[in-house]
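Structure file start27.txt; described as compact mmCIF, C-alpha atoms and all ligand atoms.
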# COMPACT_ATOMS: atom_id res chain seq x y z
CA MET N 248 28.22 -25.13 -55.11
CA SER N 249 27.73 -27.84 -52.52
CA LYS N 250 24.51 -27.60 -50.53
CA THR N 251 24.19 -28.45 -46.85
CA VAL N 252 20.81 -28.70 -45.12
CA ILE N 253 19.82 -29.29 -41.51
CA CYS N 254 17.18 -31.71 -40.23
CA PRO N 255 16.47 -30.62 -36.64
CA GLY N 256 14.38 -32.47 -34.08
CA SER N 257 14.07 -34.07 -30.69
CA PHE N 258 14.46 -37.64 -32.04
CA ASP N 259 13.30 -39.12 -28.72
CA PRO N 260 13.76 -41.74 -30.18
CA VAL N 261 14.38 -41.81 -33.96
CA THR N 262 11.48 -43.37 -35.91
CA LEU N 263 11.14 -44.75 -39.43
CA GLY N 264 9.40 -41.46 -40.26
CA HIS N 265 12.51 -39.48 -39.32
CA LEU N 266 14.73 -41.90 -41.22
CA ASP N 267 12.56 -41.56 -44.34
CA ILE N 268 12.91 -37.75 -44.33
CA ILE N 269 16.68 -37.90 -43.62
CA THR N 270 17.22 -40.49 -46.37
CA ARG N 271 15.26 -38.51 -48.95
CA ALA N 272 17.08 -35.28 -47.98
CA SER N 273 20.41 -37.10 -48.36
CA LYS N 274 19.52 -37.89 -51.97
CA MET N 275 18.53 -34.30 -52.73
CA PHE N 276 21.41 -32.44 -51.05
CA ASP N 277 25.19 -32.84 -50.77
CA ARG N 278 25.31 -32.91 -46.98
CA VAL N 279 22.64 -33.40 -44.32
CA VAL N 280 23.27 -32.32 -40.73
CA VAL N 281 20.82 -34.03 -38.37
CA ALA N 282 20.64 -31.79 -35.29
CA VAL N 283 19.39 -33.22 -32.00
CA LEU N 284 17.88 -30.62 -29.67
CA VAL N 285 19.37 -30.50 -26.19
CA ASN N 286 16.39 -29.06 -24.38
CA SER N 287 17.38 -28.04 -20.87
CA SER N 288 13.77 -27.26 -19.87
CA LYS N 289 12.41 -30.70 -20.81
CA THR N 290 13.79 -34.07 -19.79
CA PRO N 291 13.77 -36.41 -22.78
CA THR N 292 13.33 -40.16 -22.30
CA PHE N 293 16.57 -40.86 -24.17
CA SER N 294 19.64 -38.81 -23.22
CA THR N 295 21.31 -36.65 -25.84
CA GLN N 296 24.09 -39.24 -26.14
CA GLU N 297 21.57 -42.08 -26.60
CA ARG N 298 19.60 -40.16 -29.22
CA ILE N 299 22.82 -39.42 -31.12
CA GLU N 300 23.94 -43.06 -30.94
CA LEU N 301 20.57 -44.34 -32.16
CA LEU N 302 20.60 -41.87 -35.05
CA ASN N 303 24.19 -42.73 -35.96
CA ALA N 304 23.26 -46.41 -36.12
CA ALA N 305 20.11 -45.67 -38.13
CA VAL N 306 21.86 -43.54 -40.78
CA GLY N 307 24.94 -45.76 -40.85
CA ASP N 308 24.82 -46.38 -44.60
CA LEU N 309 24.28 -42.74 -45.60
CA PRO N 310 27.75 -41.24 -46.14
CA ASN N 311 26.63 -37.62 -46.48
CA VAL N 312 24.67 -37.51 -43.20
CA GLU N 313 26.16 -36.43 -39.88
CA ILE N 314 24.60 -36.23 -36.44
CA VAL N 315 25.19 -33.29 -34.10
CA SER N 316 23.47 -31.82 -31.06
CA PHE N 317 22.55 -28.20 -30.48
CA GLU N 318 21.29 -26.03 -27.65
CA GLY N 319 19.31 -22.82 -27.85
CA LEU N 320 17.78 -21.30 -30.94
CA LEU N 321 17.92 -23.27 -34.18
CA ALA N 322 18.13 -20.01 -36.15
CA GLU N 323 21.28 -19.03 -34.23
CA TYR N 324 22.80 -22.47 -34.59
CA CYS N 325 22.27 -22.34 -38.37
CA LYS N 326 23.90 -18.90 -38.49
CA THR N 327 26.93 -20.22 -36.57
CA CYS N 328 27.27 -23.22 -38.92
CA GLY N 329 26.59 -21.27 -42.10
CA ILE N 330 23.56 -23.41 -42.93
CA SER N 331 20.71 -21.65 -44.74
CA THR N 332 18.16 -24.44 -45.31
CA ILE N 333 16.09 -26.43 -42.81
CA VAL N 334 14.41 -29.63 -44.03
CA LYS N 335 11.42 -30.90 -42.06
CA GLY N 336 8.82 -33.58 -42.59
CA LEU N 337 5.12 -32.76 -42.68
CA ARG N 338 2.92 -35.65 -41.63
CA ALA N 339 -0.54 -34.18 -41.70
CA VAL N 340 -2.46 -30.92 -41.75
CA SER N 341 -2.22 -30.97 -37.95
CA ASP N 342 1.56 -30.46 -38.24
CA PHE N 343 1.17 -27.56 -40.57
CA GLU N 344 0.26 -24.72 -38.21
CA TYR N 345 3.08 -25.40 -35.77
CA GLU N 346 5.64 -25.95 -38.53
CA PHE N 347 4.46 -22.86 -40.40
CA GLN N 348 4.86 -20.76 -37.22
CA MET N 349 8.36 -22.12 -36.61
CA ALA N 350 9.41 -21.52 -40.22
CA ILE N 351 8.27 -17.89 -40.04
CA ALA N 352 9.84 -17.32 -36.62
CA ASN N 353 13.12 -18.85 -37.79
CA LYS N 354 13.13 -16.59 -40.83
CA LYS N 355 12.45 -13.52 -38.67
CA LEU N 356 15.37 -14.48 -36.43
CA ASN N 357 17.65 -15.33 -39.34
CA PRO N 358 16.36 -13.83 -42.61
CA GLY N 359 18.69 -15.98 -44.72
CA LEU N 360 17.10 -19.17 -43.40
CA GLU N 361 14.60 -21.07 -45.57
CA THR N 362 12.49 -24.04 -44.46
CA ILE N 363 11.65 -26.80 -46.93
CA PHE N 364 8.97 -29.39 -46.12
CA LEU N 365 8.94 -32.94 -47.41
CA THR N 366 5.64 -34.78 -47.22
CA ALA N 367 5.88 -37.78 -44.93
CA ASP N 368 5.76 -41.22 -46.45
CA ALA N 369 2.19 -42.59 -46.34
CA ASP N 370 3.25 -45.25 -43.82
CA SER N 371 4.61 -42.59 -41.44
CA THR N 372 1.77 -40.06 -41.37
CA PHE N 373 0.52 -41.32 -38.00
CA LEU N 374 3.93 -41.97 -36.50
CA SER N 375 5.60 -39.98 -33.72
CA SER N 376 8.29 -40.59 -31.11
CA SER N 377 5.75 -40.14 -28.32
CA MET N 378 3.53 -42.82 -29.85
CA VAL N 379 6.51 -45.17 -30.09
CA ARG N 380 7.35 -44.53 -26.42
CA GLU N 381 3.79 -45.16 -25.30
CA ILE N 382 3.17 -48.29 -27.38
CA CYS N 383 6.49 -49.82 -26.42
CA SER N 384 6.30 -49.03 -22.71
CA MET N 385 2.88 -50.72 -22.64
CA GLY N 386 4.28 -53.87 -24.24
CA GLY N 387 3.23 -53.22 -27.85
CA ASP N 388 5.22 -54.17 -30.94
CA ILE N 389 7.16 -51.23 -32.41
CA SER N 390 9.03 -53.17 -35.09
CA ASN N 391 7.12 -51.38 -37.87
CA PHE N 392 7.83 -47.97 -36.37
CA VAL N 393 11.58 -47.78 -35.66
CA PRO N 394 14.70 -48.73 -37.67
CA ALA N 395 15.41 -52.46 -37.25
CA CYS N 396 19.04 -51.88 -36.23
CA VAL N 397 18.03 -49.85 -33.16
CA HIS N 398 14.79 -51.69 -32.29
CA ASP N 399 16.24 -53.78 -29.47
CA ARG N 400 18.02 -50.83 -27.83
CA ILE N 401 14.84 -48.77 -27.86
CA VAL N 402 12.78 -51.62 -26.43
CA ALA N 403 15.39 -52.32 -23.73
CA LYS N 404 15.30 -48.69 -22.60
CA LEU N 405 11.53 -48.24 -22.72
CA ARG N 406 10.67 -51.49 -20.95
CA LYS N 407 13.17 -50.98 -18.11
O1 LIG N 501 11.14 -33.16 -33.24
P1 LIG N 501 10.52 -31.88 -32.77
O2 LIG N 501 10.34 -31.88 -31.28
O3 LIG N 501 9.26 -31.53 -33.51
O4 LIG N 501 11.59 -30.73 -33.12
C1 LIG N 501 11.33 -29.40 -32.80
C2 LIG N 501 12.60 -28.55 -32.99
C3 LIG N 501 13.77 -29.15 -32.24
C4 LIG N 501 12.95 -28.47 -34.46
C5 LIG N 501 12.26 -27.14 -32.44
O5 LIG N 501 11.70 -27.26 -31.17
C6 LIG N 501 13.47 -26.23 -32.36
O6 LIG N 501 13.99 -25.81 -33.36
N1 LIG N 501 13.89 -25.94 -31.12
C7 LIG N 501 15.05 -25.12 -30.86
C8 LIG N 501 14.66 -23.84 -30.14
C9 LIG N 501 14.13 -22.83 -31.12
O7 LIG N 501 14.79 -22.44 -32.06
N2 LIG N 501 12.88 -22.42 -30.87
C10 LIG N 501 12.21 -21.47 -31.70
C11 LIG N 501 11.59 -22.16 -32.90
S1 LIG N 501 10.67 -21.00 -33.71
Could you spell out this file's structure in structure tokens?
Amino acid sequence: MSKTVICPGSFDPVTLGHLDIITRASKMFDRVVVAVLVNSSKTPTFSTQERIELLNAAVGDLPNVEIVSFEGLLAEYCKTCGISTIVKGLRAVSDFEYEFQMAIANKKLNPGLETIFLTADADSTFLSSSMVREICSMGGDISNFVPACVHDRIVAKLRK
């Protein structure tokens, strides 16, 4: 039976850490749905459309990965799509508590939903979208932190 998993996140913007988790998931499962959160209570730096475009460019060579956006509860979205497995990256112990809470809450909301964690690549353990935004907006070099094909677009937006 073919297995679809979901990689949810804010992706504001996509980093090499995200791409590492998505790429590894794409090798383990038949289909990976990367789901960009449309959060109406928080204004992201990159619009939903921009985040989707950056992700599409970043995963361009992965045929079994698709990018979507979702609003509301992830557990409900998974139910609607018939997806029963969430894949998330764990960077450090500091991620664990929050991710653990979300995994349990998601399972309470949708008992069929499992969460699988992949350990972040050693080079990505410190990396986050907020760090990329801060370093770049202050003139720092982010070429080691974001996919090369979207580097210039991210810089152009953050240094506006
Ligand atoms: O990249 P992020 O910001 O760590 O991703 C967090 C995300 C989008 C996976 C999480 O905030 C989420 O699933 N939000 C949707 C709303 C929801 O389901 N909230 C309850 C989670 S227990």
From the set N:Met378, N:Ala339, N:Val281, N:Leu266, which residue has the shortest atom-to-atom contact distance to Cys254 (chain N), counting all atoms listed in the file?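 The closest residue to Cys254 (chain N) is N:Val281.
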Rounded to one decimal in Å, what is the spacing between CA of Glu361 (chain N) and CA of Ile330 (chain N)?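 Result for CA of Glu361 (chain N) versus CA of Ile330 (chain N): 9.6 Å, one decimal.
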What does the list of residues within 6 Å of ligand LIG 501 (chain N) look like if you count only C-alpha atoms and all ligand atoms, written as a PyMOL selection string? chain N and resi 255-258+284+319-322+349+352-353
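With all atoms listed in the file as the atoms that count, the residue of N:Thr270, N:Phe347, N:Lys407, N:Phe276 with the shortest distance to Met248 (chain N) is N:Phe276.
CA of Glu297 (chain N) sits 21.0 Å away from CA of Met385 (chain N).
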From N:Asn311, N:Thr290, N:Asn357, N:Ser377, residue lying nearest Glu323 (chain N) [all atoms listed in the file]: N:Asn357
Selected residue, from N:Thr362, N:Asp277, N:Glu346, N:Leu405, that lies nearest to Gly387 (chain N) when counting all atoms listed in the file: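 Nearest candidate to Gly387 (chain N) out of N:Thr362, N:Asp277, N:Glu346, N:Leu405: N:Leu405.
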Pick the closest to Asp399 (chain N) from N:Leu301, N:Val315, N:Ala367, N:Ser375: which is it, counting all atoms listed in the file?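 Of all the options, N:Leu301 lies closest to Asp399 (chain N).
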Copy region 252-264 of chain N out of the block into a file, keeping all heavy atoms, as a PDB file, in the first residue's frame.
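See result03.pdb below for the written result:
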ATOM      1  N   VAL N 252       2.859  10.856   3.703  1.00  0.00           N
ATOM      2  CA  VAL N 252       3.082  11.531   4.989  1.00  0.00           C
ATOM      3  C   VAL N 252       2.987  13.040   4.767  1.00  0.00           C
ATOM      4  O   VAL N 252       3.077  13.520   3.634  1.00  0.00           O
ATOM      5  CB  VAL N 252       4.458  11.185   5.599  1.00  0.00           C
ATOM      6  CG1 VAL N 252       4.562   9.701   5.892  1.00  0.00           C
ATOM      7  CG2 VAL N 252       5.616  11.650   4.708  1.00  0.00           C
ATOM      8  N   ILE N 253       2.826  13.759   5.879  1.00  0.00           N
ATOM      9  CA  ILE N 253       2.740  15.217   5.789  1.00  0.00           C
ATOM     10  C   ILE N 253       3.873  15.842   6.594  1.00  0.00           C
ATOM     11  O   ILE N 253       4.187  15.394   7.697  1.00  0.00           O
ATOM     12  CB  ILE N 253       1.346  15.692   6.279  1.00  0.00           C
ATOM     13  CG1 ILE N 253       1.131  17.168   5.978  1.00  0.00           C
ATOM     14  CG2 ILE N 253       1.139  15.448   7.770  1.00  0.00           C
ATOM     15  CD1 ILE N 253      -0.340  17.602   6.083  1.00  0.00           C
ATOM     16  N   CYS N 254       4.521  16.847   6.015  1.00  0.00           N
ATOM     17  CA  CYS N 254       5.538  17.629   6.723  1.00  0.00           C
ATOM     18  C   CYS N 254       4.971  19.043   6.890  1.00  0.00           C
ATOM     19  O   CYS N 254       5.013  19.844   5.941  1.00  0.00           O
ATOM     20  CB  CYS N 254       6.842  17.724   5.920  1.00  0.00           C
ATOM     21  SG  CYS N 254       7.778  16.221   5.801  1.00  0.00           S
ATOM     22  N   PRO N 255       4.407  19.352   8.062  1.00  0.00           N
ATOM     23  CA  PRO N 255       3.793  20.668   8.235  1.00  0.00           C
ATOM     24  C   PRO N 255       4.794  21.685   8.793  1.00  0.00           C
ATOM     25  O   PRO N 255       5.780  21.312   9.436  1.00  0.00           O
ATOM     26  CB  PRO N 255       2.714  20.382   9.287  1.00  0.00           C
ATOM     27  CG  PRO N 255       3.328  19.317  10.139  1.00  0.00           C
ATOM     28  CD  PRO N 255       4.236  18.501   9.255  1.00  0.00           C
ATOM     29  N   GLY N 256       4.519  22.959   8.556  1.00  0.00           N
ATOM     30  CA  GLY N 256       5.391  23.975   9.150  1.00  0.00           C
ATOM     31  C   GLY N 256       5.011  25.353   8.677  1.00  0.00           C
ATOM     32  O   GLY N 256       4.116  25.537   7.845  1.00  0.00           O
ATOM     33  N   SER N 257       5.735  26.338   9.226  1.00  0.00           N
ATOM     34  CA  SER N 257       5.516  27.723   8.807  1.00  0.00           C
ATOM     35  C   SER N 257       6.368  28.045   7.577  1.00  0.00           C
ATOM     36  O   SER N 257       5.969  28.850   6.736  1.00  0.00           O
ATOM     37  CB  SER N 257       5.892  28.689   9.940  1.00  0.00           C
ATOM     38  OG  SER N 257       5.178  28.385  11.099  1.00  0.00           O
ATOM     39  N   PHE N 258       7.557  27.505   7.513  1.00  0.00           N
ATOM     40  CA  PHE N 258       8.469  27.674   6.365  1.00  0.00           C
ATOM     41  C   PHE N 258       8.606  29.153   5.994  1.00  0.00           C
ATOM     42  O   PHE N 258       8.406  29.532   4.842  1.00  0.00           O
ATOM     43  CB  PHE N 258       7.977  26.856   5.159  1.00  0.00           C
ATOM     44  CG  PHE N 258       7.790  25.392   5.439  1.00  0.00           C
ATOM     45  CD1 PHE N 258       6.526  24.838   5.593  1.00  0.00           C
ATOM     46  CD2 PHE N 258       8.901  24.555   5.569  1.00  0.00           C
ATOM     47  CE1 PHE N 258       6.358  23.480   5.866  1.00  0.00           C
ATOM     48  CE2 PHE N 258       8.740  23.198   5.849  1.00  0.00           C
ATOM     49  CZ  PHE N 258       7.462  22.669   5.987  1.00  0.00           C
ATOM     50  N   ASP N 259       8.996  29.966   6.969  1.00  0.00           N
ATOM     51  CA  ASP N 259       9.001  31.431   6.775  1.00  0.00           C
ATOM     52  C   ASP N 259      10.402  32.017   6.926  1.00  0.00           C
ATOM     53  O   ASP N 259      10.620  32.774   7.869  1.00  0.00           O
ATOM     54  CB  ASP N 259       8.023  32.047   7.782  1.00  0.00           C
ATOM     55  CG  ASP N 259       7.793  33.528   7.539  1.00  0.00           C
ATOM     56  OD1 ASP N 259       7.850  33.953   6.376  1.00  0.00           O
ATOM     57  OD2 ASP N 259       7.556  34.262   8.514  1.00  0.00           O
ATOM     58  N   PRO N 260      11.359  31.708   6.027  1.00  0.00           N
ATOM     59  CA  PRO N 260      11.251  30.933   4.799  1.00  0.00           C
ATOM     60  C   PRO N 260      11.819  29.512   4.996  1.00  0.00           C
ATOM     61  O   PRO N 260      12.329  29.184   6.069  1.00  0.00           O
ATOM     62  CB  PRO N 260      12.169  31.713   3.844  1.00  0.00           C
ATOM     63  CG  PRO N 260      13.304  32.141   4.758  1.00  0.00           C
ATOM     64  CD  PRO N 260      12.666  32.421   6.091  1.00  0.00           C
ATOM     65  N   VAL N 261      11.741  28.711   3.918  1.00  0.00           N
ATOM     66  CA  VAL N 261      12.343  27.372   3.917  1.00  0.00           C
ATOM     67  C   VAL N 261      13.853  27.491   4.170  1.00  0.00           C
ATOM     68  O   VAL N 261      14.503  28.420   3.697  1.00  0.00           O
ATOM     69  CB  VAL N 261      12.072  26.656   2.568  1.00  0.00           C
ATOM     70  CG1 VAL N 261      12.648  27.407   1.378  1.00  0.00           C
ATOM     71  CG2 VAL N 261      12.597  25.212   2.589  1.00  0.00           C
ATOM     72  N   THR N 262      14.375  26.552   4.964  1.00  0.00           N
ATOM     73  CA  THR N 262      15.830  26.520   5.240  1.00  0.00           C
ATOM     74  C   THR N 262      16.398  25.186   4.746  1.00  0.00           C
ATOM     75  O   THR N 262      15.642  24.265   4.389  1.00  0.00           O
ATOM     76  CB  THR N 262      16.111  26.615   6.751  1.00  0.00           C
ATOM     77  OG1 THR N 262      15.640  25.401   7.368  1.00  0.00           O
ATOM     78  CG2 THR N 262      15.436  27.813   7.386  1.00  0.00           C
ATOM     79  N   LEU N 263      17.721  25.070   4.808  1.00  0.00           N
ATOM     80  CA  LEU N 263      18.347  23.792   4.436  1.00  0.00           C
ATOM     81  C   LEU N 263      17.947  22.692   5.423  1.00  0.00           C
ATOM     82  O   LEU N 263      17.945  21.516   5.076  1.00  0.00           O
ATOM     83  CB  LEU N 263      19.870  23.946   4.396  1.00  0.00           C
ATOM     84  CG  LEU N 263      20.412  24.665   3.157  1.00  0.00           C
ATOM     85  CD1 LEU N 263      21.925  24.845   3.281  1.00  0.00           C
ATOM     86  CD2 LEU N 263      20.082  23.884   1.876  1.00  0.00           C
ATOM     87  N   GLY N 264      17.613  23.095   6.652  1.00  0.00           N
ATOM     88  CA  GLY N 264      17.148  22.112   7.644  1.00  0.00           C
ATOM     89  C   GLY N 264      15.819  21.510   7.220  1.00  0.00           C
ATOM     90  O   GLY N 264      15.633  20.289   7.259  1.00  0.00           O
TER      91      GLY N 264
END
